[in-house]
Every structure is written in structure tokens, then in C-alpha cells.
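S.K.: Sending over a structure as C-alpha cells; questions will come in a sec.
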Number of protein chains: 2
Amino acid sequence: MIDPDLEAPYLLFLGDAARAQDAGTAAALARWRPEECVGQLRYANARVDCGLPDMDIGQARRAGARSLVIGVTTPDGTLKTDWESTLVDALAAGLDVVGGPHTPLESIPRLANAAYRSGSRLVDLRRLPEELAVADGRPRSGRRLLTVGTQRDAGPLDTALALHQALRQGGVDARFRASSPTGMLIAGRGVALDSVPAEYLAGVAEQLCPANDPDHWDIVEGQGSLLHPASAAITLGLMHGVRPDALVLCHQAGRTRLDGWPGGAIPPLNECIERHLQAAKPSSPAAHFIGIALDTTGLAGDARRTALAAVENETNLPCADPLADGAEALLAWLPATTA
Amino acid sequence: MIDPDLEAPYLLFLGDAARAQDAGTAAALARWRPEECVGQLRYANARVDCGLPDMDIGQARRAGARSLVIGVTTPDGTLKTDWESTLVDALAAGLDVVGGPHTPLESIPRLANAAYRSGSRLVDLRRLPEELAVADGRPRSGRRLLTVGTQRDAGPLDTALALHQALRQGGVDARFRASSPTGMLIAGRGVALDSVPAEYLAGVAEQLCPANDPDHWDIVEGQGSLLHPASAAITLGLMHGVRPDALVLCHQAGRTRLDGWPGGAIPPLNECIERHLQAAKPSSPAAHFIGIALDTTGLAGDARRTALAAVENETNLPCADPLADGAEALLAWLPATTA
């Protein structure tokens, strides 16, 4: 696991983000760590708003910001050259620049030079653990819950965080375990699982949630989708390394097609559930689903209630929208702790 | 896909290899490319023999060798410091040094210096393709066969090579596609799939066997085992990227336990088959098994025939030991080409 030693509070860099999905990192950080976000920096042509005060680097510095977080991504995960001037200015002003782009920050000469001159840090959230090992399957004490999705980006991060929050509010000893750069910004540590060499995927997932007290719950952020061929391997390696006791399936209400895979369909939810249990079987024969996290964005009133009830009825599992309703309802079937 | 521009013929370096499995790379190269192997270099305490003339670097040079191939591995895949002197001598003598250790060859200062001074090359078979992309699932013409195993190292390389050989002998347009450093030494190109970042695993597998003539067969070397939690993700990503028409299951006769996973058992063969078909379904709904490659090492005469017949009977699929019998028998159920 990586501890990038993040320096809060943050200025969220949104650049010229046009669509909400381009600024998912900033939105998640603003949602889950509002107290650590002093403001947002947007270019004039940006069309995304995280609801934070707009400010430039000087204003952010005066407001106490210690890091600029790259909260925006491009479709291929690289940095836009247009953004570099702002990042250079942030470094020169004494802010760390933090991000998880697919191009390592240190490999961009302008940024590396600016960091060297200013003494500010480039914090790369995709750095890999120094000790990589193949999974060994040794028994580990402690309880583990993993969120999984019917497609990529079905909400495993928000669901894990909402579950973690509900558990902590209920007095349960629990910890959120981040498997993405965005999750790491919220947790302060974790690992960018999709950057791990395939051979070590399950091994790094083991490291992410090590042995713990028997009643401790690790709530692990899911990645990819077992049902999506482009990312199923990530989900499978994560499952085999985490060896979850409990699973929560994340689904977007009404969604039937996979994004980015020609002809790809999301199977009926009960088939989704069955496939996950089959895949988990070699490492976690007792794993089971405790609920469905349904993203009901865009539905209101009766339509929303109907969607939730329909999924409960279809799967015979508790169903809730974690962002709209919280995740308490999903904990009803959590295996009782041994206390 | 990586073309490391290998310079044959080879001197196979076995070092102090004590067990046959430590020298699997050398053994495979000696078996499948004997005409490219001038000899083997072993230390006095080695206990492995690939059946090639023993020689030192000077003798190998005079015999025409142009590269030393690191044919031996350690359990964690790194290079032994004890071996470095020999590799330095090889570079100084004008041989390229070729290998796929988990420590990049260039990162070892003695080797990097020796290569710089001599002009010889360090050829790292774990180098990644420069263009990494997430799998896109676009239809590709051509036929593809993938070998898969009931455990790690169940023989996917030898099986793929034997199938390729049998197809070529039968006049079929076919190509072997290597997914490991050892496979790359035999094919001359390919990719070390287990070193690929998880996000790009299926995408690199797509690149490995690109669109081809409708009747062309790519015979793809399998990796890991879908039934082994430590490596199942690799197999799944490979399957989703390759999108095979045909599968061959590799199994070691009599083997019931997984190596390196406490309590891990190999399910009955028909369950192994079913799990692979389920996993392939999202990307290759028509994929099917055409046969079982049974490693009958250690069995002879009646016991061997009984083992083969029992597996045929159990699975209702053709069964053969590709190294002992060749792979012709496994091709009977290959989907007919459209010619």
C-alpha cells in the first residue's frame, strides 16, 4: 500500500472540464472531504462546477491550500499540455501537485523542473508499492467487504465510502480501503490497482487489506466490472486478493448496456450475482451479497421508489441509493460481528 | 507486441540450476528451437541438463553463438548476483544477453556498464509495448485458439507449440503467439503478459493476435490458471482480449491440488471446462473446448493409456499428451476452416 503523505487542504484543479465524468476525482473529493477543499480552479471555458469557491493559485495559497489536486481527466488518462502552465504556477507558489494521470508527473519536464526549482512535490498516486509479491492465499483474520459493479464506474467508490460511514456511525470498527487514485485522495493512502502488473494484482489486493482484528471490517473500493471484458480481470484479481466475506453489487438504475464494448449487455441482476459468486468461489467460498447499491440519478419520487422496490423484489436483497439515502439499509444483512 | 530483434544462435545459460523447473526457459528453447542452440553453460554445481554441448563463453563464440539466453530463474524471478560475472563476460565477448527476469537487466549497474563498454545489447523480454490501450472489443477476423490450464504451469506453452506444429504440418495457415518471455524466445516476438498493468491486460491480449485472414489460426500461449486465485486474473484478461474460437485445457495427470495456495484444489475437469466457458461468455459466447492436453510425465505403458482414456471418457473430448504424442489428435474437433 502507498502512503503518499498528502498535504491538505486542497485546491481542486478542474481545468477546462466539459462533462461531469471528466471531473469525477474533484467531485468525489468535494463530496467526501469538503473540509479539506478550499476551492476550485476552473478555466473560463469549463462547464463543470464542484460547488466550491472559484479561486486562482494566489487566492488558494492565502486560503491555506497546501496542494493542488488534479481533479480532471482526459479519456486516455493523460494530462493536457494546456494544463501544464497552471501546474507550474502552483508548484512555484509552493503548492504540491497531486494526481494520478497515466503519464507520471515526474516524466513531464516542465513539471519536474518546476518542482525541482520550488522544492514543492509532485505526488504521483499511481506509484506502485516497492514490495510486489504474488498472492499467497494465507488465511487473514478480520472481515472484508468489497463493492463490485454491473459495469465500469457503477459507483463502487461512493458505495464503499457510504458503507464505511454507516458502519462507523453504528460504532463498528471499520476502515475504507482505496484501490484508485481518487479513493486514495479521500483515504490518504491505498493503491492504484489498475496500474499494478497483472502478475501481482491479487497479491497487491492482499496487501491492501491485511490481517486485522476479528471484528474489524475493511470496506474495499471495487474496480472495473467482472461483467465487462475490458476490465473483468481487475475485478477478479481484486476479489481473489481481498477474499471478501460480503459483497455489494453497484448498478445504475435502468442501465442495460456496457459502455465501450460493442454489443455488450448487462445480464439480469441475479445472473450478475451468480457470476460473482462463481468467480469468488476458489478463494472465498462463503462470500455472499448483502445488498444492491442502486444509482437512481435522474429518477424522482415514485419512479425512484419503484426502481428501488423492483430491484429488491428481483434480487431478494436490500437495495438503496447510497448517495441519496445513505447505506444503512444495506447493512441489515451484514454478518454479525463476533463481539 | 514486442519484437526484441533476437540474434540467434544462442548459448543457454543454466548457472547453478538445481531443479528442472528452474531451467524451464532453457528446456523449452532446447526442445522447440534446437537448431538455434549451440550449447549450454552450466556451473560445476548445476544439476540440470538440457542435452546440449557444455561450453564456456569463448567456445560458444567460436561455435557461432550471438546471444547468451538466461535460461534459468529463481523462485521470485530475479537474477542471482552470482550469475552477473558470467553475463558481464558474455557481453564483453560480444554476445547479446537476453532474458526476462523481474529485475530489468538495464537496472543492474554491472550489466549496464558492460553492455555500454562492449556495444553488446541487453535484451529485456519483459519490456512493455509502447502503445498501451484498454481493450475495445471490436470484431476481428481470423480464428484463435487459446490454451488454458487447470493450474499454473500446466503446459500451455508446449501445448500451443505442439498444436501450432500439427496445424502447419496439416497445411493450415497458423501462427504461434507468445505471451511469456520463454514463448517469445521461441516465436521471436510476443509479450510478457504478466508484466502488463492490469488496466491494459485485455487490450494487450487484443494486440497480440490482431485481425487476420478469415481462415488463419492464431495459437495463443496461455498464462496462469483461471482456477488458481493468484493468477486467475491474468487468464481472464487474456481470454477476454484473445476472444478464442477454440480452447484446449492443459492438465497434469493425477494432479488434484493447486501449488502455492493453501487448501487449493483442482475441480473435476468438467467443472474446470464449465468455469472457463462461463468466464469467456461475455466476450466469446461461441468459444468451446476441442480437447484436453494431458501431461503424462512419469506414467508409462498401460498406466499412461489408462490415464488418457479416463480423461477422454470423463470429458467426452479428445485427449493427448502433446509432448509425447503430438497434438494431431486434439485437432479433430477444430472448427472447419471456411476454405
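Ligands are numbered from 1 in the order shown, chains are lettered A, B, ... in the order of the C-alpha cells, and residues start at 1 in each chain.
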Taking the chain letters and numbering used in this document, name the residues of region 38-243 of chain A that DSSP puts in strand (DSSP E), as a PyMOL selection string.
M.R.: chain A and resi 38-42+67-70+96-99+122-124+143-149+174-177+217-220
S.K.: Could you list, as a ChimeraX atom specification, the residues of chain B having an atom within 9 Å of chain A when counting only C-alpha atoms?
M.R.: /B:76,133-139,193-203,224,227-241,260-262,264-265,275,278-280,282-283
S.K.: At a cut-off of 8 Å, using only C-alpha atoms, what residues contact region 23-26 of chain B? Leave out same-chain residues fewer than 4 positions from it and give the result as a ChimeraX atom specification.
M.R.: /B:12-14,17,19,30,48,50,69-73,182
S.K.: What's around Ala166 (chain B) at 12 Å? Count only C-alpha atoms, leave out sequence neighbours fewer than 5 positions away in its own chain, and write the answer as a list in words.
M.R.: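 Counting only C-alpha atoms, the residues come to Thr159, Ala160, Leu161, Gly171, Val172, Asp173, Ala174, Arg175, Phe176, Trp217, Ile219, Pro322, Leu323, Asp325, Gly326, Ala327, Glu328, Ala329, Leu330, Leu331, Ala332 and Leu334 of chain B.
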S.K.: Write out as a list in words each polymer residue whose atoms come within 7 Å of Leu146 (chain A), counting only C-alpha atoms; drop sequence neighbours fewer than 4 positions from it.
M.R.: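 Non-adjacent residues within range: Ile219, Val220, Glu221, Gly222, Pro244, Ala246, Leu247 and Val248 of chain A.
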S.K.: So how many Å separate CA of Arg33 (chain B) and CA of Ile57 (chain B), to one decimal?
M.R.: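 Distance between the two atoms: 19.9 Å.
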S.K.: Interatomic distance between CA of Tyr10 (chain B) and CA of Ser85 (chain B)?
M.R.: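 So the two atoms, CA of Tyr10 (chain B) and CA of Ser85 (chain B), lie 18.2 Å apart.
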